[in-house]
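Chemist: This is the structure I want to talk about, given as structure tokens.
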Amino acid sequence: MADAPVVVVRGEAYREVAPELARFTVTATARDRDRETALTRLAERAAAVRVLLDEAGPAVERRETGQLRVWPETKRSGERVVAYHGSVGTTVTVHDFTALGELMLRLADQDQVEVAGPWWSLRPDSPAYREARHAAIADALARAREYAEALGARVTALRELADTGVSAAPPMVVRAAFAKGGPSGAPELELDPQPQPVQATVEARFTISEPVLD
């Protein structure tokens, strides 16, 4: 077996699968000449965002408060404060895409609130990665058999298998369109989830029977 001929092949697999998660950010801001007033407004707007997210129920899988910023605005000529600014951001992860557009619009309709996203992605433990790895192994075995067949031989054993990586595309921003929604004229947001490319590659060494070189 140690002296058996060896064929070395690369197995590859590429898939485009539907995203499993959508992530977006919502940022509440406030500005006023009085610091306490600015902070009060910021707290009220952040609380309004939380209420809307609470109302979304199980559609929101995860939410995380990001950076809280409060800073003074000064005149160029000195340190005299002319206003106070504040902002607080929240990253929201949604798995129910049917509720995503409405939720984003409701948040964007709040006073001094900015919404950005969504970005589509797969879960870290998505079955798509496993399926891609299996497909890459099957591709490597198929290639090895093709080479062996061309030599008049057959694959006899696996000598070595190396996983060179499974990759997915970076999160991509949504394509969106606004449309009038029904008799009330309330806007609706039509979302087109972006397919997520998944690629897996393996390197394999197979032993083969003695080639027929005549």
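Identifiers in this document derive from the order of the structure tokens: chains are assigned A, B, ..., residues are numbered from 1 separately in each chain, and ligands are numbered from 1 in order of occurrence.
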Could you please write out, as a PyMOL selection string, every residue of chain A that DSSP assigns to strand (DSSP E or B)?

Modeler: chain A and resi 6-17+21-32+60-74+81-94+113-121+155-168+172-173+175-181+186-192+196-208

Chemist: Using only C-alpha atoms, which of A:Val49, A:Val81, A:Leu151, A:Leu39 sits nearest Leu68 (chain A)?

Modeler: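 For Leu68 (chain A), the nearest of the candidates is A:Leu39.
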
Chemist: Counting only C-alpha atoms, which residues of region 87-182 of chain A sit at most 8 Å from some atom of region 198-213 of chain A, and what is each one's closest atom pair with its distance in Å to one decimal, listed by chain and rising residue number, as a tab-separated table?

Modeler:
```
residue	atom	partner	partner_atom	distance
A:Ala128	CA	A:Val198	CA	7.3
A:Tyr129	CA	A:Val198	CA	6.9
A:Ala132	CA	A:Ala200	CA	5.6
A:Arg133	CA	A:Ala200	CA	5.5
A:Ala136	CA	A:Thr201	CA	5.8
A:Ile137	CA	A:Val202	CA	6.6
A:Ala140	CA	A:Ala204	CA	6.7
A:Ala144	CA	A:Phe206	CA	7.0
A:Ala148	CA	A:Ile208	CA	6.6
A:Leu151	CA	A:Pro211	CA	5.2
A:Gly152	CA	A:Val212	CA	5.0
A:Ala153	CA	A:Pro211	CA	4.9
A:Arg154	CA	A:Ile208	CA	5.4
A:Val155	CA	A:Ile208	CA	4.4
A:Thr156	CA	A:Ile208	CA	5.1
A:Ala157	CA	A:Thr207	CA	5.3
A:Leu158	CA	A:Phe206	CA	4.5
A:Arg159	CA	A:Phe206	CA	5.2
A:Glu160	CA	A:Arg205	CA	5.0
A:Leu161	CA	A:Ala204	CA	4.4
A:Ala162	CA	A:Glu203	CA	5.1
A:Asp163	CA	A:Val202	CA	4.6
A:Thr164	CA	A:Val202	CA	5.3
A:Gly165	CA	A:Thr201	CA	5.8
A:Val166	CA	A:Ala200	CA	4.3
A:Ser167	CA	A:Gln199	CA	5.3
A:Ala168	CA	A:Val198	CA	4.6
A:Ala169	CA	A:Val198	CA	7.0
```

Chemist: Rounded to one decimal place, report the CA of Ala59 (chain A)-CA of Thr91 (chain A) distance in Å.

Modeler: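 CA of Ala59 (chain A) sits 14.1 Å away from CA of Thr91 (chain A).
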
Chemist: Which residue is closest to Gly86 (chain A)? Choose from A:Glu61, A:Glu44, A:Glu131, A:Glu55 and count only C-alpha atoms.

Modeler: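 Between A:Glu61, A:Glu44, A:Glu131, A:Glu55, the residue approaching Gly86 (chain A) most closely is A:Glu44.
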
Chemist: What are the closest atom pairs, with distances in Å to one decimal, for each residue of region 65-139 of chain A lying within 10 Å of region 22-38 of chain A, using only C-alpha atoms, rows by chain and rising residue number, as a tab-separated table?

Modeler:
```
residue	atom	partner	partner_atom	distance
A:Thr65	CA	A:Val26	CA	9.6
A:Gly66	CA	A:Thr27	CA	9.1
A:Gln67	CA	A:Thr27	CA	9.6
A:Leu68	CA	A:Thr27	CA	9.7
A:Arg69	CA	A:Thr29	CA	9.3
A:Val70	CA	A:Ala38	CA	9.1
A:Trp71	CA	A:Arg35	CA	9.4
A:Pro72	CA	A:Arg35	CA	8.4
A:Glu73	CA	A:Arg33	CA	9.0
A:Val81	CA	A:Arg33	CA	8.1
A:Val82	CA	A:Arg33	CA	5.9
A:Ala83	CA	A:Arg33	CA	3.9
A:Tyr84	CA	A:Arg35	CA	5.5
A:His85	CA	A:Arg31	CA	4.5
A:Gly86	CA	A:Ala30	CA	5.2
A:Ser87	CA	A:Thr29	CA	4.3
A:Val88	CA	A:Ala28	CA	5.5
A:Gly89	CA	A:Thr27	CA	4.1
A:Thr90	CA	A:Val26	CA	5.3
A:Thr91	CA	A:Thr25	CA	4.5
A:Val92	CA	A:Phe24	CA	5.4
A:Thr93	CA	A:Arg23	CA	4.4
A:Val94	CA	A:Ala22	CA	5.2
A:His95	CA	A:Ala22	CA	6.3
A:Asp96	CA	A:Ala22	CA	8.5
A:Phe97	CA	A:Ala22	CA	7.5
A:Leu100	CA	A:Ala22	CA	8.2
A:Met104	CA	A:Phe24	CA	8.5
A:Leu107	CA	A:Val26	CA	7.5
A:Ala108	CA	A:Val26	CA	8.1
A:Gln110	CA	A:Ala28	CA	8.8
A:Asp111	CA	A:Ala28	CA	8.3
A:Gln112	CA	A:Thr29	CA	5.6
A:Val113	CA	A:Ala28	CA	4.5
A:Glu114	CA	A:Thr27	CA	5.1
A:Val115	CA	A:Val26	CA	4.5
A:Ala116	CA	A:Thr25	CA	5.3
A:Gly117	CA	A:Phe24	CA	4.5
A:Pro118	CA	A:Phe24	CA	4.4
A:Trp119	CA	A:Arg23	CA	5.1
A:Trp120	CA	A:Ala22	CA	4.6
A:Ser121	CA	A:Ala22	CA	6.4
A:Leu122	CA	A:Ala22	CA	8.7
```
